[in-house]
Amino acid sequence: MIDENKQINNTSQQLGEPTEVKQAMKSDFPAQTNFNESGSEVTEQVAAQTNISGDTAVNSENSVAATEKTGVETAALAELTQQIESVKTQLEERSTQYMRIAADFENYRKRTSKEKEDLELQVKRNTILELLPIVDNFERARSHLKPQSEGEMTMHKSYQGVYKQLVDSLKRLGVSPMRPEGQEFDPNLHEAVMREPTDEHPEGTVLEELVRGYYLGDRVLRHAMVKVAAAKEDTPFAPEDQSSSASS
């Protein structure tokens with residue numbers, strides 16, 4: 001810069017330019033410098049405006065991205081909610097199905113248990129029914145035995161011991177005899193095989209048990225064969241009374 005001023009001064013001296021021209025030319029350089037400074041300020045303002053525009057664009061892009069992200073999150077949340085509702089529905093269906101299966105199984109267990117008990121009772125009933133005729137024969141034989149000698153008495157005692165053992169075994173199985181004498185005839189318990197007219201007992205009263213009946217628990221094992229009281233018929237008029245009335 002100094003060299004340029006020197007060169008200008010030399011040229012001015014050679015051309016014989018006045019000093020004012022020199023000063024005027026020197027004064028042009030600050031103006032140029034001011035112009036450069038003003039250009040820098042304009043450049044800075046443009047850059048600032050550019051930065052503001054860039055920030056606005058970035059903010060807009062961020063806002064759009066945030067909106068899109070919110071929409072995606074909302075859609076994902078809706079999808080998750082729908083999946084949860086679907087899982088809840090499936091869980092309720094499975095729970096209902098489980099409860100139904102459990103109830104069916106409980107009913108099946110009760111039914112099979114009842115069938116098993118009924119089967120066991122039927123087998124026991126059939127077995128005991130096969131033994132009852134033997135008990136009947138023991139009782140008939142006991143009613144006919146009249147021991148007279150010591151040997152017969154020993155045999156009778158042995159017989160009584162066997163009979164008692166058989167009856168005790170039946171009792172342990174739940175068998176109990178009926179005692180229908182003097183009771184009113186019940187077709188659910190008794191089987192009437194004889195009727196006897198009498199004035200001593202009301203009609204329908206069981207007079208005698210011919211074949212003993214038995215219970216198995218609270219059920220009838222065998223009906224008792226009984227003789228039942230019937231109403232006594234009126235006595236007809238005597239023949240002599242009829243002849244005397246005819247002669248008169």
# chains A, B, ... in the order shown; residues from 1 in each chain; ligands from 1

call {"tool": "residues_around", "arguments": {"residues": "region 162-174 of chain A", "least_positions_apart": "2", "cutoff": "7 Å", "atoms": "only C-alpha atoms", "output": "PyMOL selection string"}}
result
chain A and resi 138+158-160+176+216-217

call {"tool": "write_last_selection", "arguments": {"atoms": "N, CA and C atoms", "output": "tab-separated table (two decimals), in the first residue's frame"}}
result
chain	number	residue	atom	x	y	z
A	138	PHE	N	-81.88	-122.80	57.53
A	138	PHE	CA	-81.41	-122.88	58.91
A	138	PHE	C	-82.56	-122.61	59.88
A	158	SER	N	-74.01	-126.84	68.12
A	158	SER	CA	-73.11	-126.60	66.97
A	158	SER	C	-73.88	-125.93	65.82
A	159	TYR	N	-75.09	-126.42	65.62
A	159	TYR	CA	-75.92	-125.84	64.57
A	159	TYR	C	-76.23	-124.37	64.88
A	160	GLN	N	-76.56	-124.06	66.13
A	160	GLN	CA	-76.86	-122.69	66.52
A	160	GLN	C	-75.64	-121.77	66.35
A	176	SER	N	-80.47	-106.45	57.49
A	176	SER	CA	-81.29	-106.48	58.72
A	176	SER	C	-82.66	-107.07	58.37
A	216	LEU	N	-81.34	-104.14	52.98
A	216	LEU	CA	-79.91	-103.96	52.75
A	216	LEU	C	-79.65	-102.46	52.87
A	217	GLY	N	-79.17	-102.07	54.05
A	217	GLY	CA	-79.09	-100.64	54.32
A	217	GLY	C	-80.48	-100.09	54.52

call {"tool": "atom_distance", "arguments": {"atom1": "CA of Thr89 (chain A)", "atom2": "CA of Thr70 (chain A)"}}
result
28.3 Å

call {"tool": "select_by_dssp", "arguments": {"residues": "region 173-209 of chain A", "states": "strand (DSSP E or B)", "output": "list of chain:residue names"}}
result
A:Val175, A:Ser176, A:Pro177, A:Glu184, A:His190, A:Glu191, A:Ala192, A:Val193, A:Met194, A:Arg195, A:Glu196, A:Pro197, A:Thr205, A:Val206, A:Leu207, A:Glu208, A:Glu209

call {"tool": "write_last_selection", "arguments": {"atoms": "N, CA, C and O atoms", "output": "JSON list (two decimals), in the first residue's frame"}}
result
[["chain", "number", "residue", "atom", "x", "y", "z"],
["A", 175, "VAL", "N", -77.20, -106.10, 56.32],
["A", 175, "VAL", "CA", -78.48, -106.79, 56.18],
["A", 175, "VAL", "C", -79.19, -106.80, 57.53],
["A", 175, "VAL", "O", -78.59, -107.10, 58.56],
["A", 176, "SER", "N", -80.47, -106.45, 57.49],
["A", 176, "SER", "CA", -81.29, -106.48, 58.72],
["A", 176, "SER", "C", -82.66, -107.07, 58.37],
["A", 176, "SER", "O", -83.21, -106.79, 57.31],
["A", 177, "PRO", "N", -83.24, -107.89, 59.28],
["A", 177, "PRO", "CA", -84.53, -108.53, 59.00],
["A", 177, "PRO", "C", -85.70, -107.59, 59.25],
["A", 177, "PRO", "O", -85.62, -106.64, 60.03],
["A", 184, "GLU", "N", -99.32, -102.51, 59.47],
["A", 184, "GLU", "CA", -100.23, -102.42, 58.34],
["A", 184, "GLU", "C", -99.52, -102.89, 57.07],
["A", 184, "GLU", "O", -98.33, -102.65, 56.88],
["A", 190, "HIS", "N", -94.06, -105.65, 51.64],
["A", 190, "HIS", "CA", -94.64, -106.97, 51.88],
["A", 190, "HIS", "C", -95.27, -107.52, 50.61],
["A", 190, "HIS", "O", -95.66, -106.77, 49.71],
["A", 191, "GLU", "N", -95.36, -108.82, 50.61],
["A", 191, "GLU", "CA", -96.05, -109.55, 49.53],
["A", 191, "GLU", "C", -97.10, -110.46, 50.18],
["A", 191, "GLU", "O", -96.75, -111.40, 50.90],
["A", 192, "ALA", "N", -98.37, -110.14, 49.95],
["A", 192, "ALA", "CA", -99.46, -110.90, 50.57],
["A", 192, "ALA", "C", -99.68, -112.21, 49.82],
["A", 192, "ALA", "O", -100.02, -112.19, 48.63],
["A", 193, "VAL", "N", -99.49, -113.33, 50.50],
["A", 193, "VAL", "CA", -99.71, -114.65, 49.88],
["A", 193, "VAL", "C", -100.94, -115.34, 50.48],
["A", 193, "VAL", "O", -101.42, -116.33, 49.92],
["A", 194, "MET", "N", -101.41, -114.82, 51.61],
["A", 194, "MET", "CA", -102.60, -115.39, 52.25],
["A", 194, "MET", "C", -103.43, -114.27, 52.87],
["A", 194, "MET", "O", -102.89, -113.25, 53.28],
["A", 195, "ARG", "N", -104.77, -114.51, 52.93],
["A", 195, "ARG", "CA", -105.69, -113.59, 53.60],
["A", 195, "ARG", "C", -106.54, -114.42, 54.57],
["A", 195, "ARG", "O", -107.05, -115.47, 54.22],
["A", 196, "GLU", "N", -106.67, -113.92, 55.77],
["A", 196, "GLU", "CA", -107.42, -114.65, 56.80],
["A", 196, "GLU", "C", -108.50, -113.73, 57.37],
["A", 196, "GLU", "O", -108.17, -112.69, 57.96],
["A", 197, "PRO", "N", -109.78, -114.09, 57.22],
["A", 197, "PRO", "CA", -110.86, -113.28, 57.83],
["A", 197, "PRO", "C", -110.79, -113.36, 59.35],
["A", 197, "PRO", "O", -110.63, -114.44, 59.93],
["A", 205, "THR", "N", -104.06, -105.77, 58.30],
["A", 205, "THR", "CA", -102.98, -105.95, 59.27],
["A", 205, "THR", "C", -102.23, -107.24, 58.96],
["A", 205, "THR", "O", -102.83, -108.26, 58.63],
["A", 206, "VAL", "N", -100.89, -107.19, 59.07],
["A", 206, "VAL", "CA", -100.07, -108.38, 58.84],
["A", 206, "VAL", "C", -100.19, -109.28, 60.05],
["A", 206, "VAL", "O", -99.83, -108.90, 61.18],
["A", 207, "LEU", "N", -100.72, -110.49, 59.82],
["A", 207, "LEU", "CA", -100.91, -111.44, 60.92],
["A", 207, "LEU", "C", -99.68, -112.31, 61.15],
["A", 207, "LEU", "O", -99.35, -112.62, 62.29],
["A", 208, "GLU", "N", -99.01, -112.69, 60.08],
["A", 208, "GLU", "CA", -97.89, -113.63, 60.22],
["A", 208, "GLU", "C", -96.92, -113.42, 59.06],
["A", 208, "GLU", "O", -97.33, -113.18, 57.93],
["A", 209, "GLU", "N", -95.63, -113.58, 59.37],
["A", 209, "GLU", "CA", -94.59, -113.53, 58.35],
["A", 209, "GLU", "C", -94.26, -114.97, 57.97],
["A", 209, "GLU", "O", -93.69, -115.72, 58.76]]

call {"tool": "select_by_dssp", "arguments": {"residues": "region 81-186 of chain A", "states": "helix (DSSP H, G or I)", "output": "number ranges by chain"}}
result
A: 81-144, 150-172

call {"tool": "atom_distance", "arguments": {"atom1": "CA of Lys232 (chain A)", "atom2": "CA of Thr198 (chain A)"}}
result
5.2 Å

call {"tool": "residues_around", "arguments": {"residues": "Arg179 (chain A)", "least_positions_apart": "2", "cutoff": "9 Å", "atoms": "only C-alpha atoms", "output": "PDB file with N, CA, C and O atoms, in the first residue's frame"}}
result
ATOM      1  N   PRO A 177     -83.238-107.888  59.285  1.00  0.00           N
ATOM      2  CA  PRO A 177     -84.534-108.533  58.995  1.00  0.00           C
ATOM      3  C   PRO A 177     -85.704-107.588  59.246  1.00  0.00           C
ATOM      4  O   PRO A 177     -85.618-106.639  60.027  1.00  0.00           O
ATOM      5  N   GLU A 181     -94.997-108.303  61.703  1.00  0.00           N
ATOM      6  CA  GLU A 181     -96.199-108.735  62.431  1.00  0.00           C
ATOM      7  C   GLU A 181     -96.837-107.562  63.175  1.00  0.00           C
ATOM      8  O   GLU A 181     -96.162-106.822  63.895  1.00  0.00           O
ATOM      9  N   GLY A 182     -98.126-107.434  63.005  1.00  0.00           N
ATOM     10  CA  GLY A 182     -98.872-106.376  63.674  1.00  0.00           C
ATOM     11  C   GLY A 182     -98.852-105.043  62.944  1.00  0.00           C
ATOM     12  O   GLY A 182     -99.548-104.109  63.349  1.00  0.00           O
ATOM     13  N   GLN A 183     -98.079-104.907  61.879  1.00  0.00           N
ATOM     14  CA  GLN A 183     -98.026-103.662  61.126  1.00  0.00           C
ATOM     15  C   GLN A 183     -99.064-103.677  60.003  1.00  0.00           C
ATOM     16  O   GLN A 183     -99.587-104.720  59.617  1.00  0.00           O
ATOM     17  N   GLU A 209     -95.632-113.580  59.374  1.00  0.00           N
ATOM     18  CA  GLU A 209     -94.590-113.530  58.351  1.00  0.00           C
ATOM     19  C   GLU A 209     -94.261-114.967  57.968  1.00  0.00           C
ATOM     20  O   GLU A 209     -93.692-115.721  58.761  1.00  0.00           O
ATOM     21  N   ARG A 212     -89.340-114.575  55.707  1.00  0.00           N
ATOM     22  CA  ARG A 212     -88.813-113.333  56.254  1.00  0.00           C
ATOM     23  C   ARG A 212     -88.274-112.422  55.149  1.00  0.00           C
ATOM     24  O   ARG A 212     -87.610-112.862  54.211  1.00  0.00           O
ATOM     25  N   GLY A 213     -88.575-111.129  55.317  1.00  0.00           N
ATOM     26  CA  GLY A 213     -88.016-110.118  54.424  1.00  0.00           C
ATOM     27  C   GLY A 213     -86.800-109.451  55.045  1.00  0.00           C
ATOM     28  O   GLY A 213     -86.613-109.458  56.261  1.00  0.00           O
TER      29      GLY A 213
END

call {"tool": "decode", "arguments": {"residues": "region 135-202 of chain A", "atoms": "C-alpha atoms", "output": "PDB file, in the first residue's frame"}}
result
ATOM      1  CA  VAL A 135     -80.638-118.725  56.105  1.00  0.00           C
ATOM      2  CA  ASP A 136     -84.266-119.734  55.528  1.00  0.00           C
ATOM      3  CA  ASN A 137     -83.346-123.422  55.688  1.00  0.00           C
ATOM      4  CA  PHE A 138     -81.413-122.878  58.910  1.00  0.00           C
ATOM      5  CA  GLU A 139     -84.457-121.232  60.475  1.00  0.00           C
ATOM      6  CA  ARG A 140     -86.820-124.026  59.325  1.00  0.00           C
ATOM      7  CA  ALA A 141     -84.451-126.661  60.645  1.00  0.00           C
ATOM      8  CA  ARG A 142     -84.169-124.858  63.971  1.00  0.00           C
ATOM      9  CA  SER A 143     -87.944-124.810  64.356  1.00  0.00           C
ATOM     10  CA  HIS A 144     -88.155-128.556  63.755  1.00  0.00           C
ATOM     11  CA  LEU A 145     -85.218-129.672  65.860  1.00  0.00           C
ATOM     12  CA  LYS A 146     -86.245-131.039  69.258  1.00  0.00           C
ATOM     13  CA  PRO A 147     -83.064-132.261  70.962  1.00  0.00           C
ATOM     14  CA  GLN A 148     -83.757-134.908  73.579  1.00  0.00           C
ATOM     15  CA  SER A 149     -80.447-136.620  74.267  1.00  0.00           C
ATOM     16  CA  GLU A 150     -77.111-135.130  75.218  1.00  0.00           C
ATOM     17  CA  GLY A 151     -75.700-135.898  71.766  1.00  0.00           C
ATOM     18  CA  GLU A 152     -78.612-134.162  70.068  1.00  0.00           C
ATOM     19  CA  MET A 153     -78.146-131.178  72.317  1.00  0.00           C
ATOM     20  CA  THR A 154     -74.439-130.956  71.361  1.00  0.00           C
ATOM     21  CA  MET A 155     -75.384-131.081  67.683  1.00  0.00           C
ATOM     22  CA  HIS A 156     -78.040-128.463  68.230  1.00  0.00           C
ATOM     23  CA  LYS A 157     -75.523-126.135  69.882  1.00  0.00           C
ATOM     24  CA  SER A 158     -73.115-126.603  66.970  1.00  0.00           C
ATOM     25  CA  TYR A 159     -75.924-125.843  64.572  1.00  0.00           C
ATOM     26  CA  GLN A 160     -76.856-122.687  66.524  1.00  0.00           C
ATOM     27  CA  GLY A 161     -73.225-121.538  66.420  1.00  0.00           C
ATOM     28  CA  VAL A 162     -73.050-121.854  62.618  1.00  0.00           C
ATOM     29  CA  TYR A 163     -76.392-120.080  62.226  1.00  0.00           C
ATOM     30  CA  LYS A 164     -75.299-117.223  64.510  1.00  0.00           C
ATOM     31  CA  GLN A 165     -72.039-116.840  62.591  1.00  0.00           C
ATOM     32  CA  LEU A 166     -73.965-116.588  59.298  1.00  0.00           C
ATOM     33  CA  VAL A 167     -76.412-114.021  60.716  1.00  0.00           C
ATOM     34  CA  ASP A 168     -73.573-111.905  62.153  1.00  0.00           C
ATOM     35  CA  SER A 169     -71.832-111.895  58.770  1.00  0.00           C
ATOM     36  CA  LEU A 170     -75.006-110.634  57.115  1.00  0.00           C
ATOM     37  CA  LYS A 171     -75.356-107.907  59.738  1.00  0.00           C
ATOM     38  CA  ARG A 172     -71.830-106.682  59.023  1.00  0.00           C
ATOM     39  CA  LEU A 173     -72.791-106.424  55.351  1.00  0.00           C
ATOM     40  CA  GLY A 174     -75.710-104.179  56.266  1.00  0.00           C
ATOM     41  CA  VAL A 175     -78.479-106.786  56.180  1.00  0.00           C
ATOM     42  CA  SER A 176     -81.285-106.477  58.715  1.00  0.00           C
ATOM     43  CA  PRO A 177     -84.534-108.533  58.995  1.00  0.00           C
ATOM     44  CA  MET A 178     -88.041-107.084  58.784  1.00  0.00           C
ATOM     45  CA  ARG A 179     -90.486-107.444  61.668  1.00  0.00           C
ATOM     46  CA  PRO A 180     -93.865-106.963  59.949  1.00  0.00           C
ATOM     47  CA  GLU A 181     -96.199-108.735  62.431  1.00  0.00           C
ATOM     48  CA  GLY A 182     -98.872-106.376  63.674  1.00  0.00           C
ATOM     49  CA  GLN A 183     -98.026-103.662  61.126  1.00  0.00           C
ATOM     50  CA  GLU A 184    -100.228-102.417  58.340  1.00  0.00           C
ATOM     51  CA  PHE A 185     -99.680-104.117  55.006  1.00  0.00           C
ATOM     52  CA  ASP A 186     -97.312-102.123  52.773  1.00  0.00           C
ATOM     53  CA  PRO A 187     -96.980-103.322  49.167  1.00  0.00           C
ATOM     54  CA  ASN A 188     -93.544-101.690  48.990  1.00  0.00           C
ATOM     55  CA  LEU A 189     -92.305-103.997  51.769  1.00  0.00           C
ATOM     56  CA  HIS A 190     -94.643-106.967  51.878  1.00  0.00           C
ATOM     57  CA  GLU A 191     -96.047-109.548  49.530  1.00  0.00           C
ATOM     58  CA  ALA A 192     -99.459-110.900  50.571  1.00  0.00           C
ATOM     59  CA  VAL A 193     -99.709-114.645  49.882  1.00  0.00           C
ATOM     60  CA  MET A 194    -102.604-115.391  52.250  1.00  0.00           C
ATOM     61  CA  ARG A 195    -105.693-113.594  53.604  1.00  0.00           C
ATOM     62  CA  GLU A 196    -107.425-114.648  56.797  1.00  0.00           C
ATOM     63  CA  PRO A 197    -110.859-113.281  57.834  1.00  0.00           C
ATOM     64  CA  THR A 198    -110.796-112.175  61.445  1.00  0.00           C
ATOM     65  CA  ASP A 199    -112.473-109.842  63.902  1.00  0.00           C
ATOM     66  CA  GLU A 200    -109.438-109.547  66.178  1.00  0.00           C
ATOM     67  CA  HIS A 201    -107.378-107.297  63.892  1.00  0.00           C
ATOM     68  CA  PRO A 202    -108.260-104.479  61.483  1.00  0.00           C
TER      69      PRO A 202
END
